[in-house]
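Here's coords.pdb, which has PDB, C-alpha atoms:
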ATOM      1  CA  MET J 288      -3.422  22.921  -4.503  1.00  0.00           C
ATOM      2  CA  GLY J 289      -0.777  25.602  -4.191  1.00  0.00           C
ATOM      3  CA  GLU J 290       2.169  25.938  -6.508  1.00  0.00           C
ATOM      4  CA  ILE J 291       4.727  25.189  -3.805  1.00  0.00           C
ATOM      5  CA  LEU J 292       2.851  22.059  -2.722  1.00  0.00           C
ATOM      6  CA  GLY J 293       2.666  20.871  -6.336  1.00  0.00           C
ATOM      7  CA  VAL J 294       6.411  21.303  -6.793  1.00  0.00           C
ATOM      8  CA  ALA J 295       7.094  19.568  -3.479  1.00  0.00           C
ATOM      9  CA  ILE J 296       4.929  16.603  -4.486  1.00  0.00           C
ATOM     10  CA  ILE J 297       6.664  16.252  -7.844  1.00  0.00           C
ATOM     11  CA  LEU J 298      10.053  16.459  -6.126  1.00  0.00           C
ATOM     12  CA  GLY J 299       8.846  13.860  -3.629  1.00  0.00           C
ATOM     13  CA  PHE J 300       7.807  11.515  -6.447  1.00  0.00           C
ATOM     14  CA  LEU J 301      11.229  11.895  -8.076  1.00  0.00           C
ATOM     15  CA  LEU J 302      13.051  11.181  -4.831  1.00  0.00           C
ATOM     16  CA  VAL J 303      10.860   8.167  -4.074  1.00  0.00           C
ATOM     17  CA  PHE J 304      11.505   6.820  -7.568  1.00  0.00           C
ATOM     18  CA  ALA J 305      15.259   7.272  -7.084  1.00  0.00           C
ATOM     19  CA  THR J 306      15.038   5.495  -3.723  1.00  0.00           C
ATOM     20  CA  VAL J 307      13.209   2.522  -5.214  1.00  0.00           C
ATOM     21  CA  LEU J 308      15.719   2.334  -8.066  1.00  0.00           C
ATOM     22  CA  LEU J 309      18.748   2.399  -5.761  1.00  0.00           C
ATOM     23  CA  ALA J 310      17.189  -0.116  -3.377  1.00  0.00           C
ATOM     24  CA  PHE J 311      16.442  -2.401  -6.316  1.00  0.00           C
ATOM     25  CA  VAL J 312      20.094  -2.262  -7.337  1.00  0.00           C
ATOM     26  CA  ARG J 313      21.100  -3.245  -3.796  1.00  0.00           C
ATOM     27  CA  LEU J 314      18.483  -6.010  -3.839  1.00  0.00           C
ATOM     28  CA  ILE J 315      19.983  -7.484  -7.007  1.00  0.00           C
ATOM     29  CA  ARG J 316      23.673  -7.007  -6.164  1.00  0.00           C
ATOM     30  CA  GLY J 317      23.537  -8.060  -2.530  1.00  0.00           C
ATOM     31  CA  PRO J 318      26.168  -9.165  -1.500  1.00  0.00           C
ATOM     32  CA  SER J 319      24.549 -10.845   1.518  1.00  0.00           C
ATOM     33  CA  LEU J 320      21.048 -11.866   2.542  1.00  0.00           C
ATOM     34  CA  PRO J 321      20.736  -9.161   5.239  1.00  0.00           C
ATOM     35  CA  ASP J 322      21.601  -6.525   2.616  1.00  0.00           C
ATOM     36  CA  ARG J 323      18.816  -7.834   0.420  1.00  0.00           C
ATOM     37  CA  VAL J 324      16.311  -7.898   3.294  1.00  0.00           C
ATOM     38  CA  VAL J 325      17.072  -4.282   4.197  1.00  0.00           C
ATOM     39  CA  ALA J 326      16.815  -3.255   0.520  1.00  0.00           C
ATOM     40  CA  LEU J 327      13.421  -4.941   0.225  1.00  0.00           C
ATOM     41  CA  ASP J 328      12.221  -3.208   3.396  1.00  0.00           C
ATOM     42  CA  MET J 329      13.486   0.129   2.092  1.00  0.00           C
ATOM     43  CA  MET J 330      11.595  -0.415  -1.171  1.00  0.00           C
ATOM     44  CA  THR J 331       8.429  -1.131   0.803  1.00  0.00           C
ATOM     45  CA  VAL J 332       8.792   2.067   2.821  1.00  0.00           C
ATOM     46  CA  ALA J 333       9.422   4.059  -0.371  1.00  0.00           C
ATOM     47  CA  ILE J 334       6.321   2.619  -2.037  1.00  0.00           C
ATOM     48  CA  VAL J 335       4.246   3.435   1.073  1.00  0.00           C
ATOM     49  CA  SER J 336       5.470   7.030   0.823  1.00  0.00           C
ATOM     50  CA  PHE J 337       4.576   6.979  -2.886  1.00  0.00           C
ATOM     51  CA  CYS J 338       1.022   6.046  -1.908  1.00  0.00           C
ATOM     52  CA  GLY J 339       0.968   8.909   0.592  1.00  0.00           C
ATOM     53  CA  LEU J 340       2.117  11.365  -2.063  1.00  0.00           C
ATOM     54  CA  ALA J 341      -0.480  10.028  -4.480  1.00  0.00           C
ATOM     55  CA  ALA J 342      -3.183  10.523  -1.825  1.00  0.00           C
ATOM     56  CA  ILE J 343      -2.130  14.129  -1.310  1.00  0.00           C
ATOM     57  CA  GLN J 344      -1.954  14.852  -5.026  1.00  0.00           C
ATOM     58  CA  SER J 345      -5.264  13.237  -5.951  1.00  0.00           C
ATOM     59  CA  GLY J 346      -7.184  14.013  -2.777  1.00  0.00           C
ATOM     60  CA  ASN J 347      -8.333  10.371  -2.713  1.00  0.00           C
ATOM     61  CA  SER J 348      -7.962   8.701   0.690  1.00  0.00           C
ATOM     62  CA  ALA J 349      -8.086   5.207  -0.839  1.00  0.00           C
ATOM     63  CA  PHE J 350      -4.337   5.490  -1.410  1.00  0.00           C
ATOM     64  CA  LEU J 351      -3.867   5.761   2.352  1.00  0.00           C
ATOM     65  CA  ASP J 352      -5.671   2.443   2.840  1.00  0.00           C
ATOM     66  CA  VAL J 353      -3.357   0.859   0.288  1.00  0.00           C
ATOM     67  CA  ALA J 354      -0.347   2.377   2.058  1.00  0.00           C
ATOM     68  CA  LEU J 355      -1.472   1.006   5.423  1.00  0.00           C
ATOM     69  CA  VAL J 356      -1.981  -2.521   4.099  1.00  0.00           C
ATOM     70  CA  LEU J 357       1.325  -2.422   2.237  1.00  0.00           C
ATOM     71  CA  ALA J 358       3.139  -1.254   5.378  1.00  0.00           C
ATOM     72  CA  LEU J 359       1.679  -4.135   7.389  1.00  0.00           C
ATOM     73  CA  VAL J 360       2.527  -6.718   4.733  1.00  0.00           C
ATOM     74  CA  GLY J 361       6.016  -5.259   4.363  1.00  0.00           C
ATOM     75  CA  PHE J 362       6.585  -5.473   8.105  1.00  0.00           C
ATOM     76  CA  LEU J 363       5.486  -9.111   8.209  1.00  0.00           C
ATOM     77  CA  ALA J 364       7.681  -9.946   5.213  1.00  0.00           C
ATOM     78  CA  THR J 365      10.692  -8.328   6.852  1.00  0.00           C
ATOM     79  CA  VAL J 366      10.128 -10.251  10.068  1.00  0.00           C
ATOM     80  CA  ALA J 367       9.745 -13.522   8.146  1.00  0.00           C
ATOM     81  CA  LEU J 368      12.901 -12.915   6.111  1.00  0.00           C
ATOM     82  CA  ALA J 369      14.866 -11.975   9.232  1.00  0.00           C
ATOM     83  CA  ARG J 370      13.714 -15.178  10.908  1.00  0.00           C
ATOM     84  CA  PHE J 371      14.737 -17.169   7.834  1.00  0.00           C
ATOM     85  CA  ALA J 372      18.175 -15.513   7.812  1.00  0.00           C
ATOM     86  CA  ASP J 373      18.599 -16.288  11.521  1.00  0.00           C
ATOM     87  CA  ARG J 374      17.741 -19.953  10.988  1.00  0.00           C
ATOM     88  CA  GLU J 375      20.125 -20.153   8.049  1.00  0.00           C
ATOM     89  CA  HIS J 376      22.882 -18.633  10.177  1.00  0.00           C
ATOM     90  CA  LEU J 377      22.255 -21.108  13.013  1.00  0.00           C
ATOM     91  CA  GLN J 378      22.349 -24.050  10.596  1.00  0.00           C
ATOM     92  CA  GLN J 379      25.636 -22.792   9.188  1.00  0.00           C
ATOM     93  CA  LEU J 380      27.106 -22.574  12.696  1.00  0.00           C
ATOM     94  CA  GLN J 381      25.939 -26.114  13.443  1.00  0.00           C
ATOM     95  CA  ARG J 382      27.568 -27.432  10.256  1.00  0.00           C
ATOM     96  CA  GLU J 383      30.831 -25.701  11.166  1.00  0.00           C
ATOM     97  CA  GLY J 384      30.678 -27.191  14.672  1.00  0.00           C
ATOM     98  CA  GLU J 385      30.306 -30.724  13.276  1.00  0.00           C
ATOM     99  CA  LYS J 386      33.506 -30.449  11.246  1.00  0.00           C
TER     100      LYS J 386
END
Can I see the file as structure tokens?
Amino acid sequence: MGEILGVAIILGFLLVFATVLLAFVRLIRGPSLPDRVVALDMMTVAIVSFCGLAAIQSGNSAFLDVALVLALVGFLATVALARFADREHLQQLQREGEK
């Protein structure tokens, strides 16, 4: 592996770590459910990119399989959470209409 590629991978790992950290802060602080859903999706994408970087650094393609599965699970989780948020919003509108 070349020197420039090694530096780029290390820089990539640092940026991915910073992304996960900032997304985790947004996940904890909120303030709303959609903010938390987007933060969780952003963390999933960052972890998938971490797996891609690990595959490049190690030369082991097993990390790419992990990244693919994680991306699929993350997508399904985001869809499920968005559906939950939509249902919660509709129930809130119904309660306001009954008042």
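Minimum atom-to-atom distances from J:Leu298, J:Val366, J:Ile315, J:Val324 to Phe337 (chain J) were compared using all atoms listed in the file, and the lowest value belongs to J:Leu298.
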Inset, instruction - Specify as a PyMOL selection string each residue included when the PyMOL selection byres ((chain J and resi 313) around 12) is applied to this file. - result: chain J and resi 306-312+314-330
Inset, instruction - Rank J:Ala364, J:Val303, J:Ala372, J:Val294 by their smallest atom-to-atom distance to Gly339 (chain J), using only C-alpha atoms, and report the top residue only. - result: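 When distances to Gly339 (chain J) are compared using only C-alpha atoms, the smallest one comes from J:Val303.
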Legend entry - Nearest-residue call for Leu355 (chain J), choices J:Arg374, J:Thr331, J:Arg382, J:Ala367, using all atoms listed in the file: J:Thr331
Inset, instruction - Around the point (-1.7, 3.1, 1.0) in the file's coordinates, collect all residues with an atom within 12 Å, using only C-alpha atoms, and return them as an MDAnalysis selection string. - result: chainID J and resid 331:343 347:361
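For the pair CA of Phe304 (chain J) and CA of Leu368 (chain J), the separation is 24.1 Å.
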Inset, instruction - Work out how far apart CA of Gly293 (chain J) and CA of Gly346 (chain J) are and give it in Å to one decimal. - result: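 Between CA of Gly293 (chain J) and CA of Gly346 (chain J) the gap works out to 12.5 Å.
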Using the file's own x, y and z axes, what box holds all listed atoms of region 292-300 of chain J with 8 Å on each side, keeping edges along x, y and z, and what are its centre and edge lengths in Å to one decimal, as JSON?
{"center_x": 6.4, "center_y": 16.8, "center_z": -5.3, "size_x": 23.4, "size_y": 26.5, "size_z": 21.1}
Inset, instruction - Using CA of Phe300 (chain J) and CA of Gln344 (chain J) as the two end points, give the distance in Å to one decimal. - result: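 Separation between CA of Phe300 (chain J) and CA of Gln344 (chain J): 10.4 Å.
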